[in-house]
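Structure first, then comments.
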Amino acid sequence: MTYKNILITGGAGFIGSNLALKLVKLGYDVTVLDNLSPQIHTKNSPLYESIKDKVNFIKGSVLNKQDWKHALDNIEVVVHLAAETGTGQSMYEIERYNAVNIQGTSIFLDILANEKHSVKKMIVASSRAIYGEGKYYCEEHNYVYPLARTDQAMSQGDFNCKCPICGNNVTLCATSEDSAIHPTSIYGISKQVQEQMVLLMGKTLNIPAVAFRYQNVYGAGQSLSNPYTGILSIFSTRIKNNNDITIFEDGLESRDFVYVDDVVDATILGIESDAANNQVFNVGLGQPIDVITVANTLKTVYESSVNIKVSGNYRLGDIRHNYADLTKISQKLGFKPKINFTQGINKFAAWVNNQAINTDQYDLSIQQMKQKGLYK
């Protein structure tokens with residue numbers, strides 16, 4: 001089925017603005033609903049500036065029913081990206097995360113269930129955080145899904161994931177969509193609930209719904225002032241301020257870093273392909289990259305002399321590893337990431353080099369977590 005009018009909630013954010021520009025280029029009429037949150041947007045946000053004259057922009061909140069109703073006028077596809085993001089922050093701002101991510105989505109679905117509308121498809125941005133630790137292999141018990149690591153073990157320098165049955169160390173595997181869902185943070189829980197609500201009500205209302213479980217998205221345009229936005233931006237801002245980089249745990253924890261252009265392409269496949277309907281898909285690069293490699297790579301590309309320190313400190317609620325199995329999205333939608341980690345880092349660093357140096361807020365975020373007992 002072909003569509004014309006698309007609403008992107010959070011469309012002035014990092015992923016949303018990139019998606020909006022690509023959709024406009026493809027000939028879609030795009031409406032954006034965004035509250036221009038100061039944690040994400042500077043006073044003259046370049047993301048907002050990049051889209052404001054190309055889309056129908058509505059400044060409003062997903063927590064306001066009238067804003068939703070205004071934004072949904074004549075809309076055929078809703079791409080619901082608006083959310084509070086950040087695993088660490090979610091552990092002490094529980095009400096805000098649940099309000100925006102769960103209640104905001106509830107208001108949208110309530111409108112679809114009870115009022116006249118023109119929505120024919122929904123896309124929801126889910127997260128790898130819903131998997132918690134993801135899939136591992138135990139030599140005795142086959143594939144297993146480790147529980148959250150304990151404060152006691154990590155305080156003794158043991159950061160490895162354990163088999164939930166025998167307690168032995170386990171081997172990391174790619175996490176597929178049929179893996180256990182057991183988030184270890186409030187953020188992850190809120191994204192799980194959000195995804196389930198959209199998929200359930202999509203089936204109930206006969207409106208096709210698609211959930212994309214994004215891995216760690218990065219790229220040109222990402223906030224360099226938000227200390228909760230991801231380690232590539234955090235490390236870049238520290239390097240540009242000539243501050244040393246402190247790495248948690250032993251530096252071998254890893255993530256799946258996917259460039260924003262690939263995320264946009266995957267999301268558009270979900271909009272345009274009927275094969276995506278009522279499905280969930282991982283979106284990532286499909287490779288684990290450890291944090292110390294990220295830090296060293298950034299130090300090299302920025303030609304920096306800052307020190308890199310592996311601290312042994314840790315955050316409660318953090319996972320050890322997670323990377324995506326892309327088999328399903330490749331087979332059903334033909335998606336394959338085009339930008340590898342080296343290419344992506346270079347593109348990202350080239351963009352950062354042309355930006356003003358932002359104030360480094362990282363130490364403040366650590367102080368906040370220490371005060372809440374979440375940083376050890």
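In the structure tokens, chains take the letters A, B, ... in the order shown, each chain's residues start at 1, and ligands count up from 1 in the order shown.
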List the neighbours of stretch 316-330 of chain A out to 9 Å using only C-alpha atoms; skip same-chain residues closer than 5 positions along the sequence, and give me the result as a PyMOL selection string. chain A and resi 87-88+91+128-129+131-135+148-151+159-161+172-177+183-186+214-215+252-257+266+276+280-290+335-336+373-376
Output as a ChimeraX atom specification all residues of stretch 121-351 of chain A that backbone DSSP marks as alpha helix (DSSP H). /A:151-155,186-205,231-240,260-272,291-301,327-333,341-351
Find the residues near A:Asp244: any atom within 7 Å, counting only C-alpha atoms, skip ones fewer than 3 places away on the same chain, and give them as a ChimeraX atom specification. /A:238-239,306-308
Find, counting only C-alpha atoms, the residue in A:His80, A:Lys338, A:Lys59, A:Lys299 that gets nearest to A:Thr237.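 Using only C-alpha atoms, A:Thr237 sits closest to A:Lys299.
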For A:Arg96, which of A:Lys121, A:Val30, A:Asn169, A:Ser190 is the closest residue, counting only C-alpha atoms? A:Ser190
Excluding A:Leu23 and residues on its chain fewer than 3 positions from it, collect all residues at most 12 Å away from it, counting only C-alpha atoms, and give them as a PDB file with all heavy atoms, in the first residue's frame.
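The result, written out as result33.pdb:
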```
ATOM      1  N   TYR A   3       1.363   5.395   0.697  1.00  0.00           N
ATOM      2  CA  TYR A   3       0.873   6.438   1.587  1.00  0.00           C
ATOM      3  C   TYR A   3       1.437   7.789   1.147  1.00  0.00           C
ATOM      4  O   TYR A   3       2.408   7.854   0.397  1.00  0.00           O
ATOM      5  CB  TYR A   3       1.300   6.158   3.031  1.00  0.00           C
ATOM      6  CG  TYR A   3       0.936   4.775   3.508  1.00  0.00           C
ATOM      7  CD1 TYR A   3       1.894   3.760   3.553  1.00  0.00           C
ATOM      8  CD2 TYR A   3      -0.355   4.480   3.923  1.00  0.00           C
ATOM      9  CE1 TYR A   3       1.562   2.489   3.997  1.00  0.00           C
ATOM     10  CE2 TYR A   3      -0.695   3.197   4.362  1.00  0.00           C
ATOM     11  CZ  TYR A   3       0.271   2.219   4.395  1.00  0.00           C
ATOM     12  OH  TYR A   3      -0.064   0.964   4.820  1.00  0.00           O
ATOM     13  N   LYS A   4       0.838   8.843   1.669  1.00  0.00           N
ATOM     14  CA  LYS A   4       1.293  10.191   1.335  1.00  0.00           C
ATOM     15  C   LYS A   4       1.641  11.007   2.584  1.00  0.00           C
ATOM     16  O   LYS A   4       2.681  11.651   2.639  1.00  0.00           O
ATOM     17  CB  LYS A   4       0.202  10.918   0.529  1.00  0.00           C
ATOM     18  CG  LYS A   4       0.600  12.326   0.075  1.00  0.00           C
ATOM     19  CD  LYS A   4       1.730  12.311  -0.942  1.00  0.00           C
ATOM     20  CE  LYS A   4       2.023  13.709  -1.455  1.00  0.00           C
ATOM     21  NZ  LYS A   4       3.207  13.750  -2.341  1.00  0.00           N
ATOM     22  N   ASN A   5       0.741  10.988   3.572  1.00  0.00           N
ATOM     23  CA  ASN A   5       0.872  11.875   4.733  1.00  0.00           C
ATOM     24  C   ASN A   5       1.396  11.113   5.947  1.00  0.00           C
ATOM     25  O   ASN A   5       0.748  10.172   6.428  1.00  0.00           O
ATOM     26  CB  ASN A   5      -0.475  12.520   5.062  1.00  0.00           C
ATOM     27  CG  ASN A   5      -0.996  13.360   3.906  1.00  0.00           C
ATOM     28  OD1 ASN A   5      -0.241  14.100   3.279  1.00  0.00           O
ATOM     29  ND2 ASN A   5      -2.278  13.231   3.608  1.00  0.00           N
ATOM     30  N   ILE A   6       2.539  11.549   6.449  1.00  0.00           N
ATOM     31  CA  ILE A   6       3.206  10.845   7.541  1.00  0.00           C
ATOM     32  C   ILE A   6       3.445  11.799   8.703  1.00  0.00           C
ATOM     33  O   ILE A   6       3.927  12.919   8.519  1.00  0.00           O
ATOM     34  CB  ILE A   6       4.550  10.252   7.072  1.00  0.00           C
ATOM     35  CG1 ILE A   6       4.294   9.191   5.992  1.00  0.00           C
ATOM     36  CG2 ILE A   6       5.328   9.650   8.244  1.00  0.00           C
ATOM     37  CD1 ILE A   6       5.548   8.534   5.454  1.00  0.00           C
ATOM     38  N   LEU A   7       3.116  11.350   9.919  1.00  0.00           N
ATOM     39  CA  LEU A   7       3.426  12.073  11.144  1.00  0.00           C
ATOM     40  C   LEU A   7       4.615  11.409  11.823  1.00  0.00           C
ATOM     41  O   LEU A   7       4.632  10.189  12.004  1.00  0.00           O
ATOM     42  CB  LEU A   7       2.225  12.058  12.102  1.00  0.00           C
ATOM     43  CG  LEU A   7       2.506  12.532  13.541  1.00  0.00           C
ATOM     44  CD1 LEU A   7       2.862  14.014  13.569  1.00  0.00           C
ATOM     45  CD2 LEU A   7       1.315  12.233  14.452  1.00  0.00           C
ATOM     46  N   ILE A   8       5.604  12.225  12.207  1.00  0.00           N
ATOM     47  CA  ILE A   8       6.723  11.730  13.006  1.00  0.00           C
ATOM     48  C   ILE A   8       6.678  12.438  14.352  1.00  0.00           C
ATOM     49  O   ILE A   8       6.873  13.650  14.430  1.00  0.00           O
ATOM     50  CB  ILE A   8       8.086  12.006  12.336  1.00  0.00           C
ATOM     51  CG1 ILE A   8       8.113  11.479  10.897  1.00  0.00           C
ATOM     52  CG2 ILE A   8       9.212  11.377  13.166  1.00  0.00           C
ATOM     53  CD1 ILE A   8       9.381  11.876  10.140  1.00  0.00           C
ATOM     54  N   GLY A  11       9.963  14.272  15.789  1.00  0.00           N
ATOM     55  CA  GLY A  11      10.551  14.427  14.461  1.00  0.00           C
ATOM     56  C   GLY A  11      11.593  15.512  14.337  1.00  0.00           C
ATOM     57  O   GLY A  11      12.224  15.646  13.291  1.00  0.00           O
ATOM     58  N   GLY A  16      14.540  11.387  14.174  1.00  0.00           N
ATOM     59  CA  GLY A  16      13.351  11.929  13.534  1.00  0.00           C
ATOM     60  C   GLY A  16      13.640  12.949  12.455  1.00  0.00           C
ATOM     61  O   GLY A  16      13.017  12.934  11.385  1.00  0.00           O
ATOM     62  N   SER A  17      14.588  13.857  12.702  1.00  0.00           N
ATOM     63  CA  SER A  17      14.889  14.882  11.702  1.00  0.00           C
ATOM     64  C   SER A  17      15.539  14.265  10.467  1.00  0.00           C
ATOM     65  O   SER A  17      15.241  14.662   9.331  1.00  0.00           O
ATOM     66  CB  SER A  17      15.792  15.961  12.294  1.00  0.00           C
ATOM     67  OG  SER A  17      17.009  15.423  12.763  1.00  0.00           O
ATOM     68  N   ASN A  18      16.420  13.293  10.679  1.00  0.00           N
ATOM     69  CA  ASN A  18      17.024  12.597   9.537  1.00  0.00           C
ATOM     70  C   ASN A  18      15.970  11.840   8.734  1.00  0.00           C
ATOM     71  O   ASN A  18      15.994  11.848   7.495  1.00  0.00           O
ATOM     72  CB  ASN A  18      18.109  11.636  10.024  1.00  0.00           C
ATOM     73  CG  ASN A  18      19.425  12.326  10.298  1.00  0.00           C
ATOM     74  OD1 ASN A  18      20.215  12.587   9.398  1.00  0.00           O
ATOM     75  ND2 ASN A  18      19.663  12.649  11.561  1.00  0.00           N
ATOM     76  N   LEU A  19      15.040  11.205   9.431  1.00  0.00           N
ATOM     77  CA  LEU A  19      13.958  10.486   8.757  1.00  0.00           C
ATOM     78  C   LEU A  19      13.060  11.460   7.996  1.00  0.00           C
ATOM     79  O   LEU A  19      12.683  11.201   6.836  1.00  0.00           O
ATOM     80  CB  LEU A  19      13.147   9.698   9.784  1.00  0.00           C
ATOM     81  CG  LEU A  19      11.909   8.966   9.257  1.00  0.00           C
ATOM     82  CD1 LEU A  19      12.290   7.904   8.234  1.00  0.00           C
ATOM     83  CD2 LEU A  19      11.119   8.341  10.414  1.00  0.00           C
ATOM     84  N   ALA A  20      12.720  12.580   8.627  1.00  0.00           N
ATOM     85  CA  ALA A  20      11.847  13.567   7.982  1.00  0.00           C
ATOM     86  C   ALA A  20      12.452  14.074   6.678  1.00  0.00           C
ATOM     87  O   ALA A  20      11.762  14.148   5.649  1.00  0.00           O
ATOM     88  CB  ALA A  20      11.588  14.736   8.939  1.00  0.00           C
ATOM     89  N   LEU A  26      11.771  11.902  -0.703  1.00  0.00           N
ATOM     90  CA  LEU A  26      11.085  10.837  -1.436  1.00  0.00           C
ATOM     91  C   LEU A  26       9.681  11.231  -1.879  1.00  0.00           C
ATOM     92  O   LEU A  26       8.992  10.449  -2.527  1.00  0.00           O
ATOM     93  CB  LEU A  26      11.014   9.568  -0.569  1.00  0.00           C
ATOM     94  CG  LEU A  26      12.354   8.868  -0.304  1.00  0.00           C
ATOM     95  CD1 LEU A  26      12.176   7.742   0.717  1.00  0.00           C
ATOM     96  CD2 LEU A  26      12.943   8.312  -1.602  1.00  0.00           C
ATOM     97  N   GLY A  27       9.240  12.442  -1.496  1.00  0.00           N
ATOM     98  CA  GLY A  27       7.950  12.934  -1.971  1.00  0.00           C
ATOM     99  C   GLY A  27       6.802  12.838  -0.981  1.00  0.00           C
ATOM    100  O   GLY A  27       5.661  13.149  -1.323  1.00  0.00           O
ATOM    101  N   TYR A  28       7.076  12.435   0.245  1.00  0.00           N
ATOM    102  CA  TYR A  28       6.026  12.363   1.261  1.00  0.00           C
ATOM    103  C   TYR A  28       5.735  13.748   1.839  1.00  0.00           C
ATOM    104  O   TYR A  28       6.609  14.614   1.867  1.00  0.00           O
ATOM    105  CB  TYR A  28       6.449  11.439   2.407  1.00  0.00           C
ATOM    106  CG  TYR A  28       6.507   9.975   2.038  1.00  0.00           C
ATOM    107  CD1 TYR A  28       7.708   9.381   1.661  1.00  0.00           C
ATOM    108  CD2 TYR A  28       5.366   9.178   2.091  1.00  0.00           C
ATOM    109  CE1 TYR A  28       7.773   8.031   1.323  1.00  0.00           C
ATOM    110  CE2 TYR A  28       5.423   7.828   1.764  1.00  0.00           C
ATOM    111  CZ  TYR A  28       6.619   7.267   1.384  1.00  0.00           C
ATOM    112  OH  TYR A  28       6.683   5.932   1.053  1.00  0.00           O
ATOM    113  N   ASP A  29       4.510  13.935   2.297  1.00  0.00           N
ATOM    114  CA  ASP A  29       4.153  15.117   3.080  1.00  0.00           C
ATOM    115  C   ASP A  29       4.315  14.759   4.553  1.00  0.00           C
ATOM    116  O   ASP A  29       3.647  13.843   5.057  1.00  0.00           O
ATOM    117  CB  ASP A  29       2.709  15.538   2.802  1.00  0.00           C
ATOM    118  CG  ASP A  29       2.551  16.114   1.408  1.00  0.00           C
ATOM    119  OD1 ASP A  29       3.534  16.655   0.874  1.00  0.00           O
ATOM    120  OD2 ASP A  29       1.440  16.022   0.845  1.00  0.00           O
ATOM    121  N   VAL A  30       5.185  15.470   5.238  1.00  0.00           N
ATOM    122  CA  VAL A  30       5.571  15.098   6.604  1.00  0.00           C
ATOM    123  C   VAL A  30       5.108  16.150   7.606  1.00  0.00           C
ATOM    124  O   VAL A  30       5.331  17.346   7.419  1.00  0.00           O
ATOM    125  CB  VAL A  30       7.102  14.912   6.711  1.00  0.00           C
ATOM    126  CG1 VAL A  30       7.515  14.603   8.153  1.00  0.00           C
ATOM    127  CG2 VAL A  30       7.569  13.803   5.777  1.00  0.00           C
ATOM    128  N   THR A  31       4.468  15.680   8.649  1.00  0.00           N
ATOM    129  CA  THR A  31       4.132  16.496   9.809  1.00  0.00           C
ATOM    130  C   THR A  31       5.002  16.043  10.971  1.00  0.00           C
ATOM    131  O   THR A  31       5.233  14.845  11.143  1.00  0.00           O
ATOM    132  CB  THR A  31       2.645  16.350  10.187  1.00  0.00           C
ATOM    133  OG1 THR A  31       1.841  16.841   9.115  1.00  0.00           O
ATOM    134  CG2 THR A  31       2.307  17.109  11.462  1.00  0.00           C
ATOM    135  N   VAL A  32       5.496  16.992  11.749  1.00  0.00           N
ATOM    136  CA  VAL A  32       6.336  16.685  12.910  1.00  0.00           C
ATOM    137  C   VAL A  32       5.670  17.239  14.160  1.00  0.00           C
ATOM    138  O   VAL A  32       5.265  18.405  14.193  1.00  0.00           O
ATOM    139  CB  VAL A  32       7.748  17.275  12.755  1.00  0.00           C
ATOM    140  CG1 VAL A  32       8.491  17.305  14.087  1.00  0.00           C
ATOM    141  CG2 VAL A  32       8.543  16.475  11.724  1.00  0.00           C
ATOM    142  N   ILE A  51      14.708  21.084   9.437  1.00  0.00           N
ATOM    143  CA  ILE A  51      13.416  20.579   8.951  1.00  0.00           C
ATOM    144  C   ILE A  51      12.296  21.603   8.938  1.00  0.00           C
ATOM    145  O   ILE A  51      11.278  21.391   8.263  1.00  0.00           O
ATOM    146  CB  ILE A  51      12.943  19.367   9.793  1.00  0.00           C
ATOM    147  CG1 ILE A  51      12.636  19.808  11.237  1.00  0.00           C
ATOM    148  CG2 ILE A  51      13.952  18.240   9.746  1.00  0.00           C
ATOM    149  CD1 ILE A  51      11.842  18.813  12.037  1.00  0.00           C
ATOM    150  N   LYS A  54      10.561  22.530   5.806  1.00  0.00           N
ATOM    151  CA  LYS A  54      10.292  21.419   4.892  1.00  0.00           C
ATOM    152  C   LYS A  54       9.134  20.539   5.341  1.00  0.00           C
ATOM    153  O   LYS A  54       8.652  19.701   4.586  1.00  0.00           O
ATOM    154  CB  LYS A  54      11.554  20.562   4.737  1.00  0.00           C
ATOM    155  CG  LYS A  54      12.756  21.311   4.145  1.00  0.00           C
ATOM    156  CD  LYS A  54      13.968  20.400   4.037  1.00  0.00           C
ATOM    157  CE  LYS A  54      15.139  21.106   3.377  1.00  0.00           C
ATOM    158  NZ  LYS A  54      15.693  22.193   4.207  1.00  0.00           N
ATOM    159  N   VAL A  55       8.697  20.715   6.597  1.00  0.00           N
ATOM    160  CA  VAL A  55       7.629  19.890   7.147  1.00  0.00           C
ATOM    161  C   VAL A  55       6.558  20.791   7.759  1.00  0.00           C
ATOM    162  O   VAL A  55       6.767  21.994   7.955  1.00  0.00           O
ATOM    163  CB  VAL A  55       8.160  18.925   8.231  1.00  0.00           C
ATOM    164  CG1 VAL A  55       9.288  18.056   7.681  1.00  0.00           C
ATOM    165  CG2 VAL A  55       8.628  19.680   9.479  1.00  0.00           C
ATOM    166  N   VAL A  77       0.180   7.511   8.167  1.00  0.00           N
ATOM    167  CA  VAL A  77       1.195   6.715   8.870  1.00  0.00           C
ATOM    168  C   VAL A  77       1.750   7.523  10.027  1.00  0.00           C
ATOM    169  O   VAL A  77       2.122   8.693   9.851  1.00  0.00           O
ATOM    170  CB  VAL A  77       2.355   6.309   7.928  1.00  0.00           C
ATOM    171  CG1 VAL A  77       3.406   5.492   8.690  1.00  0.00           C
ATOM    172  CG2 VAL A  77       1.840   5.529   6.731  1.00  0.00           C
ATOM    173  N   VAL A  79       4.842   7.543  12.688  1.00  0.00           N
ATOM    174  CA  VAL A  79       6.124   7.004  13.139  1.00  0.00           C
ATOM    175  C   VAL A  79       6.364   7.592  14.524  1.00  0.00           C
ATOM    176  O   VAL A  79       6.658   8.785  14.660  1.00  0.00           O
ATOM    177  CB  VAL A  79       7.275   7.374  12.179  1.00  0.00           C
ATOM    178  CG1 VAL A  79       8.582   6.749  12.660  1.00  0.00           C
ATOM    179  CG2 VAL A  79       6.955   6.918  10.759  1.00  0.00           C
ATOM    180  N   VAL A 264      17.402   5.103   9.364  1.00  0.00           N
ATOM    181  CA  VAL A 264      16.385   5.771   8.534  1.00  0.00           C
ATOM    182  C   VAL A 264      15.939   4.851   7.403  1.00  0.00           C
ATOM    183  O   VAL A 264      14.735   4.702   7.145  1.00  0.00           O
ATOM    184  CB  VAL A 264      16.938   7.103   7.983  1.00  0.00           C
ATOM    185  CG1 VAL A 264      16.069   7.634   6.848  1.00  0.00           C
ATOM    186  CG2 VAL A 264      17.044   8.136   9.099  1.00  0.00           C
ATOM    187  N   ASP A 265      16.891   4.213   6.740  1.00  0.00           N
ATOM    188  CA  ASP A 265      16.541   3.316   5.630  1.00  0.00           C
ATOM    189  C   ASP A 265      15.682   2.146   6.102  1.00  0.00           C
ATOM    190  O   ASP A 265      14.713   1.764   5.428  1.00  0.00           O
ATOM    191  CB  ASP A 265      17.809   2.791   4.954  1.00  0.00           C
ATOM    192  CG  ASP A 265      18.522   3.862   4.129  1.00  0.00           C
ATOM    193  OD1 ASP A 265      17.915   4.923   3.866  1.00  0.00           O
ATOM    194  OD2 ASP A 265      19.688   3.630   3.752  1.00  0.00           O
ATOM    195  N   THR A 267      13.708   2.098   8.705  1.00  0.00           N
ATOM    196  CA  THR A 267      12.392   2.610   9.093  1.00  0.00           C
ATOM    197  C   THR A 267      11.517   2.857   7.870  1.00  0.00           C
ATOM    198  O   THR A 267      10.303   2.565   7.882  1.00  0.00           O
ATOM    199  CB  THR A 267      12.559   3.891   9.919  1.00  0.00           C
ATOM    200  OG1 THR A 267      13.439   3.635  11.028  1.00  0.00           O
ATOM    201  CG2 THR A 267      11.218   4.379  10.448  1.00  0.00           C
ATOM    202  N   ILE A 268      12.103   3.365   6.806  1.00  0.00           N
ATOM    203  CA  ILE A 268      11.338   3.596   5.574  1.00  0.00           C
ATOM    204  C   ILE A 268      10.895   2.263   4.959  1.00  0.00           C
ATOM    205  O   ILE A 268       9.776   2.161   4.432  1.00  0.00           O
ATOM    206  CB  ILE A 268      12.159   4.446   4.586  1.00  0.00           C
ATOM    207  CG1 ILE A 268      12.307   5.870   5.141  1.00  0.00           C
ATOM    208  CG2 ILE A 268      11.486   4.498   3.211  1.00  0.00           C
ATOM    209  CD1 ILE A 268      13.239   6.757   4.356  1.00  0.00           C
ATOM    210  N   LEU A 269      11.726   1.249   5.039  1.00  0.00           N
ATOM    211  CA  LEU A 269      11.297  -0.085   4.590  1.00  0.00           C
ATOM    212  C   LEU A 269      10.068  -0.536   5.373  1.00  0.00           C
ATOM    213  O   LEU A 269       9.145  -1.154   4.817  1.00  0.00           O
ATOM    214  CB  LEU A 269      12.429  -1.095   4.773  1.00  0.00           C
ATOM    215  CG  LEU A 269      13.592  -1.021   3.781  1.00  0.00           C
ATOM    216  CD1 LEU A 269      14.725  -1.939   4.215  1.00  0.00           C
ATOM    217  CD2 LEU A 269      13.127  -1.395   2.371  1.00  0.00           C
ATOM    218  N   ILE A 271       7.787   1.416   6.643  1.00  0.00           N
ATOM    219  CA  ILE A 271       6.648   2.208   6.174  1.00  0.00           C
ATOM    220  C   ILE A 271       6.123   1.658   4.853  1.00  0.00           C
ATOM    221  O   ILE A 271       4.911   1.505   4.663  1.00  0.00           O
ATOM    222  CB  ILE A 271       7.058   3.685   6.006  1.00  0.00           C
ATOM    223  CG1 ILE A 271       7.382   4.324   7.362  1.00  0.00           C
ATOM    224  CG2 ILE A 271       5.963   4.481   5.283  1.00  0.00           C
ATOM    225  CD1 ILE A 271       8.031   5.693   7.253  1.00  0.00           C
ATOM    226  N   GLU A 272       7.024   1.347   3.955  1.00  0.00           N
ATOM    227  CA  GLU A 272       6.637   1.058   2.572  1.00  0.00           C
ATOM    228  C   GLU A 272       6.331  -0.418   2.297  1.00  0.00           C
ATOM    229  O   GLU A 272       5.685  -0.731   1.294  1.00  0.00           O
ATOM    230  CB  GLU A 272       7.740   1.538   1.629  1.00  0.00           C
ATOM    231  CG  GLU A 272       7.928   3.050   1.660  1.00  0.00           C
ATOM    232  CD  GLU A 272       8.968   3.566   0.679  1.00  0.00           C
ATOM    233  OE1 GLU A 272       9.837   2.770   0.259  1.00  0.00           O
ATOM    234  OE2 GLU A 272       8.906   4.762   0.323  1.00  0.00           O
TER     235      GLU A 272
END
```
For the contact check between stretch 147-236 of chain A and stretch 101-119 of chain A, emit one row per residue of stretch 147-236 of chain A within 10 Å, containing the shortest atom pair and the distance in Å rounded to one decimal, counting only C-alpha atoms, chain then rising number order, as JSON lines.
```
{"residue": "A:Tyr187", "atom": "CA", "partner": "A:Asn101", "partner_atom": "CA", "distance": 8.5}
{"residue": "A:Ile189", "atom": "CA", "partner": "A:Ile102", "partner_atom": "CA", "distance": 9.6}
{"residue": "A:Ser190", "atom": "CA", "partner": "A:Asn101", "partner_atom": "CA", "distance": 6.0}
{"residue": "A:Lys191", "atom": "CA", "partner": "A:Asn101", "partner_atom": "CA", "distance": 6.8}
{"residue": "A:Gln192", "atom": "CA", "partner": "A:Ile102", "partner_atom": "CA", "distance": 9.4}
{"residue": "A:Val193", "atom": "CA", "partner": "A:Ile102", "partner_atom": "CA", "distance": 6.8}
{"residue": "A:Gln194", "atom": "CA", "partner": "A:Ile102", "partner_atom": "CA", "distance": 5.6}
{"residue": "A:Glu195", "atom": "CA", "partner": "A:Thr105", "partner_atom": "CA", "distance": 9.4}
{"residue": "A:Met197", "atom": "CA", "partner": "A:Ser106", "partner_atom": "CA", "distance": 7.8}
{"residue": "A:Val198", "atom": "CA", "partner": "A:Leu109", "partner_atom": "CA", "distance": 7.4}
{"residue": "A:Met201", "atom": "CA", "partner": "A:Leu109", "partner_atom": "CA", "distance": 7.1}
{"residue": "A:Gly202", "atom": "CA", "partner": "A:Leu109", "partner_atom": "CA", "distance": 8.9}
{"residue": "A:Thr204", "atom": "CA", "partner": "A:Ala113", "partner_atom": "CA", "distance": 9.0}
{"residue": "A:Leu205", "atom": "CA", "partner": "A:Ala113", "partner_atom": "CA", "distance": 7.0}
{"residue": "A:Ile207", "atom": "CA", "partner": "A:Val119", "partner_atom": "CA", "distance": 7.5}
{"residue": "A:Pro208", "atom": "CA", "partner": "A:Val119", "partner_atom": "CA", "distance": 9.7}
```
